[in-house]
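What follows is the content of model.txt (compact mmCIF, C-alpha atoms).
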```
# COMPACT_ATOMS: atom_id res chain seq x y z
CA MET A 1 41.45 236.75 105.40
CA CYS A 2 41.69 233.07 106.24
CA VAL A 3 39.19 230.25 105.92
CA ARG A 4 39.72 226.69 107.06
CA ILE A 5 37.06 224.10 106.34
CA ASP A 6 36.83 220.44 107.28
CA SER A 7 37.42 218.30 104.19
CA TYR A 8 35.14 215.62 105.62
CA GLU A 9 32.34 217.75 106.99
CA SER A 10 30.08 217.26 104.00
CA ALA A 11 29.88 216.02 100.43
CA GLU A 12 29.82 219.67 99.40
CA HIS A 13 33.15 220.31 101.11
CA GLN A 14 34.61 217.19 99.53
CA LYS A 15 33.51 218.39 96.12
CA TYR A 16 35.06 221.77 96.82
CA VAL A 17 38.41 220.22 97.78
CA ARG A 18 38.38 218.29 94.49
CA THR A 19 38.19 221.54 92.54
CA PHE A 20 41.62 222.47 93.90
CA LEU A 21 43.24 219.08 93.32
CA ASN A 22 42.36 218.29 89.70
CA GLY A 23 39.44 216.12 90.69
CA ARG A 24 41.36 214.19 93.32
CA PHE A 25 40.26 214.20 96.93
CA GLU A 26 42.91 214.33 99.62
CA ASN A 27 42.87 215.34 103.26
CA SER A 28 44.05 218.87 102.71
CA ALA A 29 44.06 221.63 100.12
CA PHE A 30 45.47 225.15 99.95
CA CYS A 31 45.03 228.06 97.57
CA LEU A 32 44.95 231.85 97.52
CA LEU A 33 41.78 233.25 95.99
CA SER A 34 40.43 236.59 94.87
CA PRO A 35 37.93 238.33 97.16
CA ASP A 36 34.99 237.02 95.13
CA GLY A 37 36.35 233.49 95.39
CA GLN A 38 36.38 233.09 91.61
CA ASP A 39 40.02 233.49 90.65
CA TRP A 40 43.02 231.60 91.86
CA LEU A 41 45.83 233.93 92.92
CA SER A 42 48.26 231.05 93.38
CA ARG A 43 48.63 227.49 92.31
CA ALA A 44 46.63 225.04 94.39
CA GLY A 45 48.18 222.25 96.38
CA ARG A 46 47.94 220.32 99.59
CA GLY A 47 49.51 222.97 101.79
CA PRO A 48 51.19 226.41 101.83
CA GLU A 49 54.59 224.81 101.65
CA HIS A 50 53.68 223.21 98.31
CA VAL A 51 52.21 226.36 96.89
CA LEU A 52 54.15 229.29 98.34
CA GLY A 53 57.57 227.82 98.92
CA ARG A 54 59.40 225.92 101.59
CA SER A 55 60.84 228.85 103.49
CA THR A 56 58.84 231.13 105.72
CA ALA A 57 60.43 234.14 104.02
CA ALA A 58 59.26 232.93 100.60
CA CYS A 59 55.73 232.40 101.93
CA VAL A 60 55.68 235.85 103.51
CA ALA A 61 56.84 237.45 100.28
CA GLN A 62 54.10 235.71 98.27
CA LEU A 63 51.38 236.62 100.73
CA GLU A 64 52.54 240.22 100.94
CA ARG A 65 52.55 240.44 97.16
CA VAL A 66 48.96 239.24 96.99
CA ALA A 67 47.81 241.37 99.93
CA ALA A 68 49.30 244.49 98.34
CA VAL A 69 47.13 243.97 95.24
CA TYR A 70 43.97 243.69 97.34
CA PRO A 71 44.06 246.26 100.16
CA ALA A 72 41.04 246.20 102.43
CA LYS A 73 38.31 248.49 101.14
CA GLU A 74 36.31 248.33 104.36
CA LYS A 75 37.31 248.47 108.01
CA THR A 76 38.56 245.12 109.21
CA THR A 77 37.40 246.10 112.68
CA ARG A 78 33.86 245.56 111.34
CA ALA A 79 34.65 242.13 109.89
CA ASN A 80 31.82 239.60 109.93
CA VAL A 81 31.79 237.22 112.87
CA GLN A 82 32.71 233.61 112.12
CA ASP A 83 30.20 230.77 112.36
CA PHE A 84 30.07 226.98 112.11
CA HIS A 85 27.59 224.65 110.45
CA SER A 86 26.99 222.82 113.74
CA VAL A 87 27.80 222.96 117.44
CA ARG A 88 29.27 219.49 117.07
CA GLN A 89 31.83 220.80 114.62
CA ALA A 90 32.42 223.96 116.66
CA LEU A 91 33.25 221.92 119.76
CA ASN A 92 35.61 219.74 117.79
CA VAL A 93 37.47 222.67 116.23
CA ALA A 94 37.63 224.62 119.51
CA SER A 95 39.11 221.52 121.12
CA ALA A 96 41.63 221.13 118.32
CA ASP A 97 42.77 224.76 118.50
CA GLN A 98 42.50 224.78 122.29
CA ARG A 99 40.30 227.85 122.43
CA VAL A 100 37.20 228.74 124.41
CA LEU A 101 34.04 228.34 122.31
CA VAL A 102 31.56 231.21 122.37
CA LEU A 103 28.16 229.77 121.62
CA VAL A 104 25.44 232.27 120.74
CA HIS A 105 22.31 230.26 121.31
CA GLY A 106 18.72 231.21 120.59
CA SER A 107 16.24 231.35 117.75
CA ASP A 108 17.45 232.80 114.48
CA GLU A 109 15.38 235.88 115.21
CA GLN A 110 17.01 236.26 118.64
CA THR A 111 20.60 235.73 117.51
CA GLN A 112 20.52 237.64 114.23
CA PRO A 113 21.14 241.07 115.86
CA LEU A 114 24.22 239.68 117.59
CA ARG A 115 25.84 238.83 114.28
CA SER A 116 26.20 242.57 113.91
CA SER A 117 26.60 243.75 117.49
CA LEU A 118 29.29 241.16 118.30
CA LYS A 119 31.56 242.45 115.52
CA GLU A 120 32.90 245.02 117.95
CA VAL A 121 33.81 242.31 120.43
CA ALA A 122 35.04 239.68 117.97
CA ASN A 123 37.38 242.11 116.22
CA ASP A 124 38.75 243.67 119.38
CA PRO A 125 42.56 243.29 119.42
CA THR A 126 42.41 241.52 122.77
CA ILE A 127 39.83 239.03 121.49
CA ILE A 128 40.57 238.24 117.84
CA GLY A 129 42.26 234.91 117.20
CA ARG A 130 41.73 233.69 120.76
CA PHE A 131 38.22 232.18 120.51
CA HIS A 132 35.90 230.33 118.20
CA ILE A 133 32.36 231.64 117.83
CA ASP A 134 29.25 229.75 116.75
CA PHE A 135 25.65 230.86 116.29
CA ASP A 136 23.16 228.06 116.74
CA SER A 137 19.42 227.64 117.07
CA SER A 138 19.23 223.85 117.27
CA ALA A 139 18.78 221.82 120.44
CA ASP A 140 20.40 218.44 119.84
CA TRP A 141 23.77 219.47 121.32
CA LYS A 142 22.51 220.69 124.69
CA LYS A 143 23.07 217.43 126.54
CA LYS A 144 26.74 217.60 125.52
CA ILE A 145 27.35 220.83 127.45
CA GLU A 146 27.70 220.32 131.19
CA GLY A 147 26.27 223.07 133.39
CA LEU A 148 24.12 224.61 130.68
CA LYS A 149 21.03 226.60 131.63
CA ASP A 150 18.59 225.96 128.83
CA GLU A 151 17.77 229.49 127.79
CA PRO A 152 18.74 231.82 124.95
CA SER A 153 22.18 233.06 125.89
CA ILE A 154 25.84 233.55 125.11
CA VAL A 155 27.62 230.52 126.49
CA LEU A 156 31.36 230.37 127.00
CA VAL A 157 32.30 226.71 126.72
CA ARG A 158 35.44 224.85 127.68
CA PRO A 159 35.75 222.21 124.95
CA GLY A 160 36.47 218.67 126.03
CA GLU A 161 39.75 216.97 125.23
CA PHE A 162 38.37 215.33 122.09
CA GLY A 163 35.78 217.96 121.32
CA LEU A 164 32.87 215.62 121.90
CA GLU A 165 31.47 217.57 124.84
CA GLY A 166 32.07 220.75 126.80
CA LYS A 167 31.55 222.55 130.11
CA VAL A 168 30.04 225.96 130.71
CA MET A 169 32.56 228.51 131.92
CA ALA A 170 30.13 231.44 131.89
CA GLN A 171 26.67 232.14 130.55
CA LEU A 172 25.33 235.60 129.72
CA PRO A 173 21.98 236.80 128.44
CA LEU A 174 21.72 237.72 124.77
CA THR A 175 21.05 241.26 125.93
CA ALA A 176 24.40 241.58 127.73
CA GLU A 177 26.41 244.70 126.93
CA ASN A 178 29.49 244.21 124.76
CA ALA A 179 31.74 245.36 127.59
CA ALA A 180 30.36 242.62 129.84
CA ILE A 181 30.72 240.01 127.09
CA LYS A 182 34.30 241.04 126.46
CA THR A 183 35.16 240.94 130.16
CA ALA A 184 33.63 237.48 130.52
CA MET A 185 35.50 236.23 127.45
CA LEU A 186 38.85 237.53 128.65
CA THR A 187 38.28 236.04 132.10
CA ALA A 188 37.36 232.68 130.57
CA ASN A 189 40.35 232.79 128.26
CA GLY A 190 42.69 233.46 131.17
CA GLU A 191 41.18 230.65 133.22
CA PHE A 192 41.29 228.28 130.25
CA ALA A 193 44.94 229.07 129.59
CA LYS A 194 45.89 228.51 133.23
CA THR A 195 44.06 225.23 133.60
CA THR A 196 44.57 223.57 130.23
CA GLU A 197 47.52 221.44 129.29
CA LYS A 198 48.87 222.02 125.82
CA LYS A 199 48.13 219.13 123.51
CA VAL A 200 50.87 217.08 121.98
CA TYR A 201 48.94 216.02 118.91
CA SER A 202 50.71 212.72 118.33
CA GLU A 203 50.02 211.69 121.93
CA HIS A 204 46.46 212.94 121.62
CA VAL A 205 45.79 210.71 118.63
CA THR A 206 47.37 207.70 120.30
CA LYS A 207 45.31 208.28 123.44
CA GLY A 208 42.17 208.70 121.38
CA ARG A 209 42.75 205.46 119.54
CA ASN A 210 43.34 203.64 122.82
CA LEU A 211 40.08 205.07 124.16
CA ASN A 212 38.23 204.19 120.95
CA ILE A 213 37.36 207.81 120.37
CA TYR A 214 35.75 208.14 116.98
CA PHE A 215 34.37 211.24 115.29
CA GLU A 216 31.93 210.19 112.66
CA ALA A 217 31.87 212.27 109.50
CA ASP A 218 29.20 212.71 106.90
CA VAL A 219 31.42 211.34 104.14
CA PRO A 220 33.77 208.33 104.14
CA TYR A 221 37.27 208.87 105.49
CA GLY A 222 40.17 208.26 103.14
CA GLU A 223 41.44 209.80 99.93
CA ASP A 224 40.73 209.48 96.23
CA ARG A 225 44.20 209.94 94.85
CA ASP A 226 43.42 208.54 91.40
CA GLY A 227 40.51 210.92 91.03
CA ASP A 228 38.00 208.28 89.97
CA GLY A 229 35.36 209.71 92.29
CA GLU A 230 35.63 206.88 94.81
CA ILE A 231 37.64 206.75 98.04
CA ASP A 232 40.65 204.50 97.45
CA ARG A 233 40.70 201.22 99.29
CA GLY A 234 43.97 200.55 101.07
CA GLY A 235 45.11 204.18 100.94
CA PRO A 236 45.32 206.62 103.84
CA GLY A 237 42.13 206.10 105.76
CA GLY A 238 41.61 203.04 103.62
CA GLY A 239 38.08 203.97 102.66
CA ARG A 240 37.21 203.49 106.29
CA SER A 241 33.73 204.68 106.66
CA GLY A 242 32.88 207.95 108.27
CA ARG A 243 29.15 207.51 108.51
CA SER A 244 28.49 203.81 108.19
CA GLY A 245 29.91 200.51 109.28
CA SER A 246 32.55 201.85 111.61
CA GLY A 247 31.33 199.89 114.58
CA ARG A 248 31.58 202.99 116.68
CA SER A 249 28.87 205.33 117.77
CA ARG A 250 28.38 208.93 116.68
CA GLU A 251 29.18 209.95 120.26
CA GLY A 252 32.68 208.69 119.72
CA ARG A 253 32.75 205.40 121.60
CA ARG A 254 32.75 201.90 120.22
CA ARG A 255 29.38 200.27 120.49
CA MET B 1 44.30 243.90 110.83
CA LYS B 2 46.99 244.97 108.38
CA PRO B 3 48.61 242.32 106.17
CA THR B 4 51.90 242.98 107.89
CA GLN B 5 50.25 241.87 111.10
CA TRP B 6 48.42 238.75 109.96
CA ILE B 7 50.85 237.34 107.45
CA PRO B 8 53.58 236.43 109.94
CA MET B 9 50.95 235.05 112.31
CA VAL B 10 49.49 232.85 109.59
CA LEU B 11 52.85 231.56 108.55
CA CYS B 12 54.11 230.93 112.03
CA THR B 13 51.15 228.65 112.54
CA LEU B 14 50.96 226.97 109.17
CA VAL B 15 54.57 226.64 108.21
CA ALA B 16 56.75 226.78 111.28
CA LEU B 17 54.44 224.44 113.15
CA ALA B 18 55.08 221.47 110.95
CA PRO B 19 57.43 222.10 108.04
CA PRO B 20 58.46 218.51 107.34
CA LEU B 21 54.89 217.31 107.31
CA TRP B 22 53.61 219.58 104.58
CA ALA B 23 56.46 218.29 102.48
CA GLN B 24 55.20 214.73 102.84
CA GLY B 25 51.93 215.49 101.12
CA GLY B 26 50.05 216.93 104.04
CA PRO B 27 50.36 217.19 107.78
CA ARG B 28 49.13 214.33 109.91
CA PRO B 29 48.39 215.09 113.55
CA SER B 30 49.73 211.68 114.50
CA ASP B 31 53.16 213.02 113.54
CA LEU B 32 52.81 216.43 115.17
CA GLY B 33 54.08 217.71 118.48
CA ALA B 34 52.57 220.60 120.39
CA SER B 35 51.70 223.96 118.90
CA GLU B 36 54.32 226.64 119.39
CA LEU B 37 51.52 228.97 120.34
CA ASP B 38 50.70 229.17 124.04
CA ILE B 39 47.11 228.52 125.02
CA GLY B 40 45.17 231.75 125.31
CA GLU B 41 47.45 233.63 122.95
CA PRO B 42 46.07 234.87 119.61
CA GLY B 43 46.35 232.63 116.58
CA ILE B 44 44.74 232.84 113.17
CA ALA B 45 41.27 234.37 113.09
CA TRP B 46 39.76 231.58 111.03
CA TYR B 47 36.47 231.65 109.24
CA THR B 48 35.09 228.17 109.54
CA THR B 49 32.42 228.07 106.86
CA TRP B 50 32.94 228.95 103.23
CA GLU B 51 29.79 231.07 103.24
CA THR B 52 30.90 233.41 106.04
CA ALA B 53 34.42 233.61 104.61
CA LEU B 54 33.23 234.55 101.15
CA ALA B 55 30.85 237.14 102.56
CA GLU B 56 33.66 238.75 104.53
CA ALA B 57 36.09 238.67 101.60
CA LYS B 58 33.53 240.35 99.35
CA ARG B 59 32.72 242.93 102.03
CA SER B 60 36.31 243.84 102.79
CA GLY B 61 37.86 243.26 99.37
CA ARG B 62 40.58 241.17 100.94
CA PRO B 63 41.96 238.04 99.24
CA ILE B 64 41.22 234.63 100.67
CA MET B 65 43.71 232.16 102.06
CA PHE B 66 41.82 228.91 101.63
CA VAL B 67 42.73 225.86 103.69
CA ALA B 68 40.90 222.54 103.83
CA ALA B 69 41.96 219.89 106.31
CA ALA B 70 40.58 217.05 108.40
CA THR B 71 39.25 217.60 111.92
CA GLN B 72 40.21 214.09 112.91
CA CYS B 73 43.13 211.72 112.55
CA HIS B 74 42.30 208.03 112.33
CA GLY B 75 38.82 209.12 113.42
CA VAL B 76 40.15 210.72 116.60
CA SER B 77 38.68 214.20 116.98
CA GLY B 78 40.17 217.28 118.62
CA VAL B 79 42.77 217.86 115.91
CA PHE B 80 42.70 220.12 112.85
```
Rendering of file as structure tokens:
Amino acid sequence: MCVRIDSYESAEHQKYVRTFLNGRFENSAFCLLSPDGQDWLSRAGRGPEHVLGRSTAACVAQLERVAAVYPAKEKTTRANVQDFHSVRQALNVASADQRVLVLVHGSDEQTQPLRSSLKEVANDPTIIGRFHIDFDSSADWKKKIEGLKDEPSIVLVRPGEFGLEGKVMAQLPLTAENAAIKTAMLTANGEFAKTTEKKVYSEHVTKGRNLNIYFEADVPYGEDRDGDGEIDRGGPGGGRSGRSGSGRSREGRRR
Amino acid sequence: MKPTQWIPMVLCTLVALAPPLWAQGGPRPSDLGASELDIGEPGIAWYTTWETALAEAKRSGRPIMFVAAATQCHGVSGVF
């Protein structure tokens, strides 16, 4: 199974990335791990190409070798449903991957049963890999979602171009049947696909810079390539601050 | 999903998407074009927190493909 975390989401993530890069911190890291997360099943590096080989065939062979040693011992159709640490991050990632965000909103007590009941939906062959799903009980993101009815619900959200806001595509009660949830998700996915232009990432970044879009992180941007524990000045990102002194607001616009 | 199903999907996304960029020490969205995957089509079923990923790996006994990357480029969000 695959996990992708944001290197800059937290100091904890940054520390975790360092464990794969001999104490250095760089934008990306890659490694194959045992199911308990304790043992490395490959070398670690900045990406699969560094670790598994430059050709797709070589990568496939390595992954198949590892997968054969660890066959699934439980049904993958009952796999746990993904989650994010925040709606802010969920919107950003859904925007990046150009997927509809499924936001399960309510108190922890209200949403907990859906972590189990939604497994059937999330692992359905017509659903898996097409959406991002987030469970959230906080309230600070609500003003970012246009058309939201403020009530515990399952909200299908069209992420904004830069993932700083979103629009409601459909909203269902937490008590909705799985069949209804699945139908709504497939409808939203079809509509999203028809009405969304595929991003060209280089153009996206250029446009964002021109618009002064800025996504503030909890740790400074940049890399620590000498591994001294500090973000290098003058390197990629240049030690440019994520949280402080950027001159831009958390909402993504220059003050 | 069987390994034979998810492995090619993973690689199509991670490797074929930007082969020259991984070779340069990491992909940078400012150098990337569009994804080869059409919008609405299935991609990788990512776990997006370490906690949920580890729980699922322990439950299923499947190995973990760990990726860390930035969700912004030059501070511009909407990339991963």
Hey, can you check how far CA of Arg43 in chain A sits from CA of Thr48 in chain B?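 Computing the Euclidean distance for CA of Arg43 in chain A and CA of Thr48 in chain B yields 21.9 Å.
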Could you tell me which of A:Gly147, A:Gly53, A:Gly190, A:Gly229 comes closest to chain B if we count only C-alpha atoms? A:Gly190
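Nearest residue to Arg18 in chain A among A:Ala90, A:Val3, A:Ala44, A:Leu118 is A:Ala44, counting only C-alpha atoms.
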Test item: residues at most 6 Å from range 156-165 of chain A, only C-alpha atoms, excluding those fewer than 4 positions along its chain, as a CSV table (one decimal) with C-alpha atoms, in the frame of the given file:
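And here's result10.csv as it stands now:
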```csv
chain,number,residue,atom,x,y,z
A,91,LEU,CA,33.2,221.9,119.8
A,92,ASN,CA,35.6,219.7,117.8
A,95,SER,CA,39.1,221.5,121.1
A,100,VAL,CA,37.2,228.7,124.4
A,101,LEU,CA,34.0,228.3,122.3
A,102,VAL,CA,31.6,231.2,122.4
A,144,LYS,CA,26.7,217.6,125.5
A,145,ILE,CA,27.4,220.8,127.4
A,169,MET,CA,32.6,228.5,131.9
A,170,ALA,CA,30.1,231.4,131.9
B,77,SER,CA,38.7,214.2,117.0
B,78,GLY,CA,40.2,217.3,118.6
```
At a cut-off of 10 Å, using all atoms listed in the file, what residues contact Leu174 in chain A? Leave out same-chain residues fewer than 5 positions from it and give the result as a PyMOL selection string. chain A and resi 104-106+110-111+113-114+151-155+181
Anything within 7 Å of (37.0, 236.8, 92.4): list those residues as a list in words, counting all atoms listed in the file and sticking to the file's coordinates.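 Selection result: Leu33, Ser34, Pro35, Asp36, Gly37, Gln38 and Asp39 of chain A.
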Quote the spacing between CA of Asn22 in chain A and CA of Tyr8 in chain A in Å to one decimal place. 17.7 Å
